[in-house]
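J.: My structure file input15.pdb, PDB, C-alpha atoms and all ligand atoms, is below:
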MODEL        1
ATOM      1  CA  MET A   1      14.320  12.785  12.530
ATOM      2  CA  ASN A   2      12.523  11.230   9.543
ATOM      3  CA  ILE A   3      11.763   7.532   9.617
ATOM      4  CA  ILE A   4       9.979   4.877   7.603
ATOM      5  CA  LEU A   5       7.967   2.065   9.175
ATOM      6  CA  LEU A   6       8.233  -0.709   6.623
ATOM      7  CA  GLY A   7       6.287  -3.929   6.762
ATOM      8  CA  PRO A   8       3.414  -5.913   5.320
ATOM      9  CA  PRO A   9      -0.239  -5.011   5.925
ATOM     10  CA  GLY A  10      -1.191  -5.855   9.502
ATOM     11  CA  ALA A  11       2.375  -5.587  10.840
ATOM     12  CA  GLY A  12       1.352  -2.825  13.256
ATOM     13  CA  LYS A  13       2.796   0.200  11.421
ATOM     14  CA  GLY A  14      -0.215   2.424  12.113
ATOM     15  CA  THR A  15      -0.341   1.487  15.806
ATOM     16  CA  GLN A  16       3.348   2.186  16.302
ATOM     17  CA  ALA A  17       3.201   5.401  14.285
ATOM     18  CA  GLY A  18       0.363   6.583  16.545
ATOM     19  CA  HIS A  19       2.523   5.963  19.591
ATOM     20  CA  LEU A  20       5.451   7.914  18.113
ATOM     21  CA  VAL A  21       3.143  10.838  17.340
ATOM     22  CA  ALA A  22       1.956  10.900  20.960
ATOM     23  CA  SER A  23       5.328  10.308  22.608
ATOM     24  CA  ARG A  24       7.733  12.193  20.337
ATOM     25  CA  GLY A  25       5.660  14.817  18.581
ATOM     26  CA  MET A  26       6.387  13.344  15.174
ATOM     27  CA  VAL A  27       3.987  13.702  12.251
ATOM     28  CA  GLN A  28       2.522  10.532  10.751
ATOM     29  CA  LEU A  29       2.146  10.433   6.982
ATOM     30  CA  SER A  30       0.000   7.438   6.058
ATOM     31  CA  THR A  31      -0.768   7.296   2.345
ATOM     32  CA  GLY A  32      -3.428   4.652   3.128
ATOM     33  CA  ASP A  33      -5.235   7.123   5.416
ATOM     34  CA  MET A  34      -4.916   9.910   2.839
ATOM     35  CA  LEU A  35      -6.309   7.684   0.092
ATOM     36  CA  ARG A  36      -9.196   6.474   2.279
ATOM     37  CA  GLU A  37     -10.008  10.086   3.076
ATOM     38  CA  ALA A  38     -10.043  10.959  -0.640
ATOM     39  CA  LYS A  39     -12.234   7.935  -1.262
ATOM     40  CA  SER A  40     -14.787   8.764   1.421
ATOM     41  CA  SER A  41     -14.960  12.437   0.508
ATOM     42  CA  GLY A  42     -15.705  11.405  -3.067
ATOM     43  CA  THR A  43     -13.011  13.495  -4.779
ATOM     44  CA  GLU A  44     -12.172  12.691  -8.413
ATOM     45  CA  MET A  45      -8.945  11.056  -7.283
ATOM     46  CA  GLY A  46     -10.792   9.138  -4.565
ATOM     47  CA  LYS A  47     -13.205   7.726  -7.102
ATOM     48  CA  ARG A  48     -10.350   6.717  -9.370
ATOM     49  CA  VAL A  49      -8.469   4.791  -6.676
ATOM     50  CA  ALA A  50     -11.414   3.193  -4.841
ATOM     51  CA  GLU A  51     -11.648   0.045  -6.925
ATOM     52  CA  VAL A  52      -7.881  -0.562  -6.943
ATOM     53  CA  MET A  53      -7.674  -0.126  -3.165
ATOM     54  CA  ASP A  54     -10.646  -2.351  -2.420
ATOM     55  CA  LYS A  55      -9.081  -5.145  -4.458
ATOM     56  CA  GLY A  56      -5.838  -4.808  -2.502
ATOM     57  CA  GLU A  57      -3.665  -3.601  -5.362
ATOM     58  CA  LEU A  58      -1.341  -0.597  -5.268
ATOM     59  CA  VAL A  59      -2.464   2.763  -6.640
ATOM     60  CA  THR A  60      -0.099   4.544  -9.034
ATOM     61  CA  ASP A  61       3.214   5.966  -7.885
ATOM     62  CA  GLU A  62       2.256   9.331  -9.366
ATOM     63  CA  ILE A  63      -0.785   9.685  -7.098
ATOM     64  CA  VAL A  64       0.895   8.730  -3.836
ATOM     65  CA  ILE A  65       4.054  10.721  -4.553
ATOM     66  CA  GLY A  66       1.827  13.746  -5.208
ATOM     67  CA  LEU A  67       0.116  13.261  -1.831
ATOM     68  CA  ILE A  68       3.427  13.012  -0.007
ATOM     69  CA  ARG A  69       4.901  16.014  -1.819
ATOM     70  CA  GLU A  70       2.032  18.195  -0.563
ATOM     71  CA  LYS A  71       2.470  17.054   3.048
ATOM     72  CA  LEU A  72       6.242  17.486   3.040
ATOM     73  CA  GLU A  73       5.778  21.096   2.046
ATOM     74  CA  GLN A  74       3.973  21.689   5.347
ATOM     75  CA  GLY A  75       7.059  20.558   7.322
ATOM     76  CA  ALA A  76       7.178  18.806  10.709
ATOM     77  CA  GLU A  77       9.213  19.951  13.648
ATOM     78  CA  GLY A  78       9.395  16.539  15.307
ATOM     79  CA  GLY A  79      10.084  14.828  11.982
ATOM     80  CA  PHE A  80       7.985  12.604   9.754
ATOM     81  CA  ILE A  81       6.985   8.970  10.147
ATOM     82  CA  PHE A  82       6.269   7.464   6.764
ATOM     83  CA  ASP A  83       3.671   4.736   7.267
ATOM     84  CA  GLY A  84       2.743   2.684   4.214
ATOM     85  CA  PHE A  85       4.974   4.804   1.981
ATOM     86  CA  PRO A  86       7.179   4.169   0.061
ATOM     87  CA  ARG A  87       5.824   0.906  -1.329
ATOM     88  CA  THR A  88       7.822   0.710  -4.580
ATOM     89  CA  LEU A  89      11.398   1.479  -5.570
ATOM     90  CA  ALA A  90      10.169   4.437  -7.648
ATOM     91  CA  GLN A  91       8.450   5.851  -4.553
ATOM     92  CA  ALA A  92      11.607   5.301  -2.499
ATOM     93  CA  ASP A  93      13.713   7.212  -5.042
ATOM     94  CA  ALA A  94      11.125   9.994  -5.149
ATOM     95  CA  LEU A  95      11.096  10.280  -1.362
ATOM     96  CA  GLY A  96      14.877  10.604  -1.278
ATOM     97  CA  GLU A  97      14.707  13.392  -3.861
ATOM     98  CA  LEU A  98      11.847  15.241  -2.139
ATOM     99  CA  LEU A  99      13.683  15.189   1.183
ATOM    100  CA  ALA A 100      16.942  16.291  -0.447
ATOM    101  CA  GLU A 101      15.131  19.257  -2.060
ATOM    102  CA  LYS A 102      14.177  20.365   1.437
ATOM    103  CA  GLY A 103      17.725  19.862   2.713
ATOM    104  CA  GLU A 104      16.549  16.879   4.748
ATOM    105  CA  LYS A 105      17.231  13.173   4.814
ATOM    106  CA  LEU A 106      15.902   9.883   5.959
ATOM    107  CA  ASP A 107      17.394   8.799   9.283
ATOM    108  CA  THR A 108      16.147   5.240   9.787
ATOM    109  CA  VAL A 109      14.017   2.581   8.171
ATOM    110  CA  ILE A 110      12.451   0.124  10.598
ATOM    111  CA  GLU A 111      11.282  -3.151   9.154
ATOM    112  CA  MET A 112       8.509  -4.771  11.193
ATOM    113  CA  GLN A 113       8.702  -8.530  10.774
ATOM    114  CA  VAL A 114       5.549 -10.655  11.108
ATOM    115  CA  ASP A 115       4.652 -13.995   9.537
ATOM    116  CA  ASP A 116       1.883 -14.236   6.937
ATOM    117  CA  GLU A 117      -0.651 -16.268   8.887
ATOM    118  CA  THR A 118      -0.502 -13.828  11.799
ATOM    119  CA  LEU A 119      -1.065 -10.964   9.363
ATOM    120  CA  VAL A 120      -4.133 -12.551   7.815
ATOM    121  CA  GLN A 121      -5.559 -13.369  11.258
ATOM    122  CA  ARG A 122      -4.890  -9.854  12.553
ATOM    123  CA  ILE A 123      -6.540  -8.177   9.588
ATOM    124  CA  VAL A 124      -9.560 -10.451   9.447
ATOM    125  CA  GLY A 125      -9.836  -9.983  13.260
ATOM    126  CA  ARG A 126      -9.625  -6.186  12.844
ATOM    127  CA  ALA A 127     -12.570  -6.339  10.423
ATOM    128  CA  ALA A 128     -14.627  -8.492  12.811
ATOM    129  CA  GLU A 129     -13.903  -6.098  15.700
ATOM    130  CA  ALA A 130     -15.007  -3.097  13.636
ATOM    131  CA  VAL A 131     -18.284  -4.783  12.758
ATOM    132  CA  ALA A 132     -18.849  -5.840  16.399
ATOM    133  CA  ALA A 133     -18.345  -2.201  17.447
ATOM    134  CA  GLY A 134     -20.993  -1.109  14.951
ATOM    135  CA  LYS A 135     -18.432   0.441  12.601
ATOM    136  CA  GLU A 136     -17.809  -0.272   8.982
ATOM    137  CA  ALA A 137     -14.851  -2.578   8.318
ATOM    138  CA  ARG A 138     -12.286  -1.496   5.725
ATOM    139  CA  ALA A 139     -13.380  -2.670   2.293
ATOM    140  CA  ASP A 140      -9.989  -4.334   1.808
ATOM    141  CA  ASP A 141      -9.935  -6.125   5.185
ATOM    142  CA  ASN A 142     -11.242  -9.418   3.863
ATOM    143  CA  GLU A 143      -9.242 -12.549   3.234
ATOM    144  CA  ALA A 144      -9.213 -12.297  -0.589
ATOM    145  CA  SER A 145      -7.948  -8.685  -0.569
ATOM    146  CA  VAL A 146      -5.463  -9.435   2.189
ATOM    147  CA  ARG A 147      -3.875 -12.208   0.114
ATOM    148  CA  ILE A 148      -3.521  -9.780  -2.808
ATOM    149  CA  ARG A 149      -2.112  -7.078  -0.485
ATOM    150  CA  LEU A 150       0.470  -9.555   0.789
ATOM    151  CA  MET A 151       1.464 -10.534  -2.744
ATOM    152  CA  GLU A 152       1.788  -6.856  -3.711
ATOM    153  CA  TYR A 153       3.995  -6.422  -0.651
ATOM    154  CA  TYR A 154       6.325  -9.263  -1.573
ATOM    155  CA  LYS A 155       6.532  -8.328  -5.246
ATOM    156  CA  LYS A 156       6.806  -4.547  -5.023
ATOM    157  CA  THR A 157       7.621  -3.434  -1.479
ATOM    158  CA  ALA A 158       9.904  -6.122  -0.045
ATOM    159  CA  PRO A 159      12.698  -5.081  -2.505
ATOM    160  CA  LEU A 160      12.935  -1.890  -0.429
ATOM    161  CA  ILE A 161      14.442  -3.968   2.378
ATOM    162  CA  GLY A 162      17.554  -4.571   0.258
ATOM    163  CA  TYR A 163      17.489  -1.008  -1.037
ATOM    164  CA  TYR A 164      17.598   0.547   2.435
ATOM    165  CA  HIS A 165      19.984  -2.092   3.752
ATOM    166  CA  ALA A 166      22.410  -1.063   1.011
ATOM    167  CA  LYS A 167      22.059   2.544   2.124
ATOM    168  CA  GLY A 168      22.903   1.524   5.706
ATOM    169  CA  LEU A 169      19.533   2.701   7.005
ATOM    170  CA  LEU A 170      17.773  -0.563   7.863
ATOM    171  CA  SER A 171      16.918  -1.936  11.304
ATOM    172  CA  ASP A 172      14.373  -4.603  12.127
ATOM    173  CA  VAL A 173      12.011  -5.337  14.978
ATOM    174  CA  ASP A 174      10.032  -8.436  15.866
ATOM    175  CA  GLY A 175       6.481  -7.371  15.078
ATOM    176  CA  LEU A 176       5.053 -10.444  16.826
ATOM    177  CA  GLY A 177       5.709  -9.062  20.302
ATOM    178  CA  SER A 178       3.175  -7.134  22.365
ATOM    179  CA  ILE A 179       2.460  -3.533  21.329
ATOM    180  CA  GLU A 180       4.554  -2.341  24.291
ATOM    181  CA  ALA A 181       7.446  -4.663  23.471
ATOM    182  CA  VAL A 182       7.530  -3.414  19.873
ATOM    183  CA  GLN A 183       7.331   0.193  21.126
ATOM    184  CA  GLY A 184      10.351  -0.530  23.301
ATOM    185  CA  GLU A 185      12.355  -1.980  20.417
ATOM    186  CA  ILE A 186      11.522   0.963  18.156
ATOM    187  CA  GLY A 187      12.334   3.460  20.898
ATOM    188  CA  ALA A 188      15.727   1.822  21.421
ATOM    189  CA  ILE A 189      16.525   2.092  17.695
ATOM    190  CA  LEU A 190      15.531   5.762  17.557
ATOM    191  CA  ASP A 191      17.579   6.606  20.650
ATOM    192  CA  THR A 192      20.843   5.067  19.436
TER     193      THR A 192
HETATM  194  P1  LIG B 201      -2.698   0.808   4.001
HETATM  195  O1  LIG B 201      -3.676   1.557   4.843
HETATM  196  O2  LIG B 201      -1.293   1.337   4.122
HETATM  197  O3  LIG B 201      -2.768  -0.683   4.207
HETATM  198  O4  LIG B 201      -3.094   1.079   2.481
HETATM  199  C1  LIG B 201      -4.364   0.682   1.986
HETATM  200  C2  LIG B 201      -4.340   0.663   0.453
HETATM  201  O5  LIG B 201      -4.060   1.980  -0.047
HETATM  202  C3  LIG B 201      -3.259  -0.209  -0.183
HETATM  203  O6  LIG B 201      -3.658  -1.570  -0.275
HETATM  204  C4  LIG B 201      -3.126   0.445  -1.546
HETATM  205  O7  LIG B 201      -4.225   0.136  -2.385
HETATM  206  C5  LIG B 201      -3.230   1.916  -1.190
HETATM  207  N1  LIG B 201      -1.920   2.493  -0.834
HETATM  208  C6  LIG B 201      -1.551   3.000   0.378
HETATM  209  N2  LIG B 201      -0.297   3.466   0.337
HETATM  210  C7  LIG B 201       0.158   3.242  -0.921
HETATM  211  C8  LIG B 201       1.391   3.485  -1.579
HETATM  212  N3  LIG B 201       2.431   4.048  -0.949
HETATM  213  N4  LIG B 201       1.487   3.113  -2.894
HETATM  214  C9  LIG B 201       0.469   2.562  -3.550
HETATM  215  N5  LIG B 201      -0.730   2.286  -2.981
HETATM  216  C10 LIG B 201      -0.886   2.624  -1.682
ENDMDL
END
Will you turn the file into structure tokens for me?
Ligand code: AMP
T.:
Amino acid sequence: MNIILLGPPGAGKGTQAGHLVASRGMVQLSTGDMLREAKSSGTEMGKRVAEVMDKGELVTDEIVIGLIREKLEQGAEGGFIFDGFPRTLAQADALGELLAEKGEKLDTVIEMQVDDETLVQRIVGRAAEAVAAGKEARADDNEASVRIRLMEYYKKTAPLIGYYHAKGLLSDVDGLGSIEAVQGEIGAILDT
């Protein structure tokens, strides 16, 4: 089963993907994690995307599609969870084509719904927690970048809601519930 967790930054996609990896043996593909890894290991691509990411803007479709293509080639027995990808219609089309080339398809797209103020509070809180734990906060977890990330979401990613609805693949969950409540809702969707 291949699924997309769709939602704005701070909606809880990474947390829920982690749970699905542990409970269902699925493989999480987070383009954000892949890009941060490239950034911290100082690869040419990492250097190119660092500034764009820190500002909160989207990196090019070409780069993220390339990252996903590589990972899809490795396959996943329990299926893939796409977390933070696709974020544009071009990426969504590319994903459909890449899966079709492998004789696979997308089974479900789960939209995680959370209001903006909660998102900003969660992300700014996540940064404060990291600092309190002696870790480095994400460079884009500050209020200015979060506002840009939200605007990028509404302009470029939210159109995917209509796109997947039209394909009959969309379900939604209330992302404001507790982590366990959201897990329950997602589990129910995947088991129907
Ligand atoms: P995330 O960890 O998903 O919040 O992603 C962090 C940042 O990485 C985003 O703000 C973008 O700059 C970049 N990024 C992650 N995934 C994508 C994607 N699918 N398309 C474009 N940029 C992305």
J.: Find the spatial neighbours of Arg122 (chain A), counting all atoms listed in the file, within a cut-off of 10 Å - ignore same-chain residues fewer than 3 positions away - and output them as a PyMOL selection string.
T.: chain A and resi 9-12+116-119+125-128+141
J.: Report the residues retrieved by the PyMOL selection byres (((not hetatm)) within 8 of (chain B and resi 201)) from the displayed file, expressed as a PyMOL selection string.
T.: chain A and resi 9-10+30-33+35-36+49+52-61+64-65+83-88+91+140+149
J.: Mind telling me what the PyMOL selection byres (((chain A and resi 171) around 6) and not hetatm) catches here, as a count of residues only?
T.: 3
J.: Can you work out which one of A:Met1, A:Ala166, A:Leu176, A:Leu6 has the shortest atom-to-atom distance to Tyr154 (chain A), counting all atoms listed in the file?
T.: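 Closest residue, counting all atoms listed in the file: A:Leu6.
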J.: Which residues, protein or nucleic acid, reach to within 12 Å of (5.5, 12.0, 21.0) in the file's coordinates when using all atoms listed in the file, and can you give that as a list in words?
T.: Gln16, Ala17, Gly18, His19, Leu20, Val21, Ala22, Ser23, Arg24, Gly25, Met26, Val27, Gln28, Glu77, Gly78, Gly79, Phe80, Ile81, Gln183 and Gly187 of chain A
J.: Suppose you want the space between CA of Asp93 (chain A) and CA of Leu106 (chain A); what is it in Å?
T.: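 A separation of 11.5 Å between them.
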J.: Please measure the separation of CA of Lys105 (chain A) and CA of Lys167 (chain A), giving the value in Å to one decimal.
T.: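 These atoms are spaced 12.0 Å apart.
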J.: Which is closest to Thr108 (chain A) among A:Gly14, A:Gly184, A:Gly168, A:Gly42, if we use all atoms listed in the file?
T.: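 Looking only at the distances to Thr108 (chain A), the closest residue turns out to be A:Gly168.
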J.: For the provided coordinates, the residues matched by the PyMOL selection byres (((chain A and resi 175) around 7) and not hetatm) should be stated as a list in words.
T.: Ala11, Met112, Gln113, Val114, Val173, Asp174, Leu176, Gly177 and Val182 of chain A
J.: Distance CA of Glu97 (chain A)-CA of Arg69 (chain A), one decimal place?
T.: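 CA of Arg69 (chain A) lies at a distance of 10.4 Å from CA of Glu97 (chain A).
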J.: Padding of 6 Å on every side, edges along x, y and z, all listed atoms of region 77-89 of chain A included: what centre and edge lengths in Å, to one decimal, does that box have, as JSON?
T.:
{"center_x": 7.1, "center_y": 10.3, "center_z": 4.9, "size_x": 20.7, "size_y": 31.2, "size_z": 32.9}
J.: Ranking A:Gly46, A:Gly96, A:Gly75, A:Gly162 by minimum distance to Ile63 (chain A) and counting only C-alpha atoms, which one comes first?
T.: A:Gly46
J.: With all atoms listed in the file as the counted atoms, please give the residues lying no more than 10 Å from Leu72 (chain A), apart from itself and same-chain residues fewer than 5 positions off, as a PyMOL selection string.
T.: chain A and resi 29+67+80+95+98-99+102
J.: Those same residues, written as a PDB file, in the coordinates of the input with C-alpha atoms?
T.:
ATOM      1  CA  LEU A  29       2.146  10.433   6.982  1.00  0.00           C
ATOM      2  CA  LEU A  67       0.116  13.261  -1.831  1.00  0.00           C
ATOM      3  CA  PHE A  80       7.985  12.604   9.754  1.00  0.00           C
ATOM      4  CA  LEU A  95      11.096  10.280  -1.362  1.00  0.00           C
ATOM      5  CA  LEU A  98      11.847  15.241  -2.139  1.00  0.00           C
ATOM      6  CA  LEU A  99      13.683  15.189   1.183  1.00  0.00           C
ATOM      7  CA  LYS A 102      14.177  20.365   1.437  1.00  0.00           C
TER       8      LYS A 102
END
J.: Using all atoms listed in the file for the distances, tell me which of A:Met45, A:Ile189, A:Pro8, A:Lys135 is nearest to Ile148 (chain A).
T.: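 Using all atoms listed in the file, the shortest distance to Ile148 (chain A) belongs to A:Pro8.
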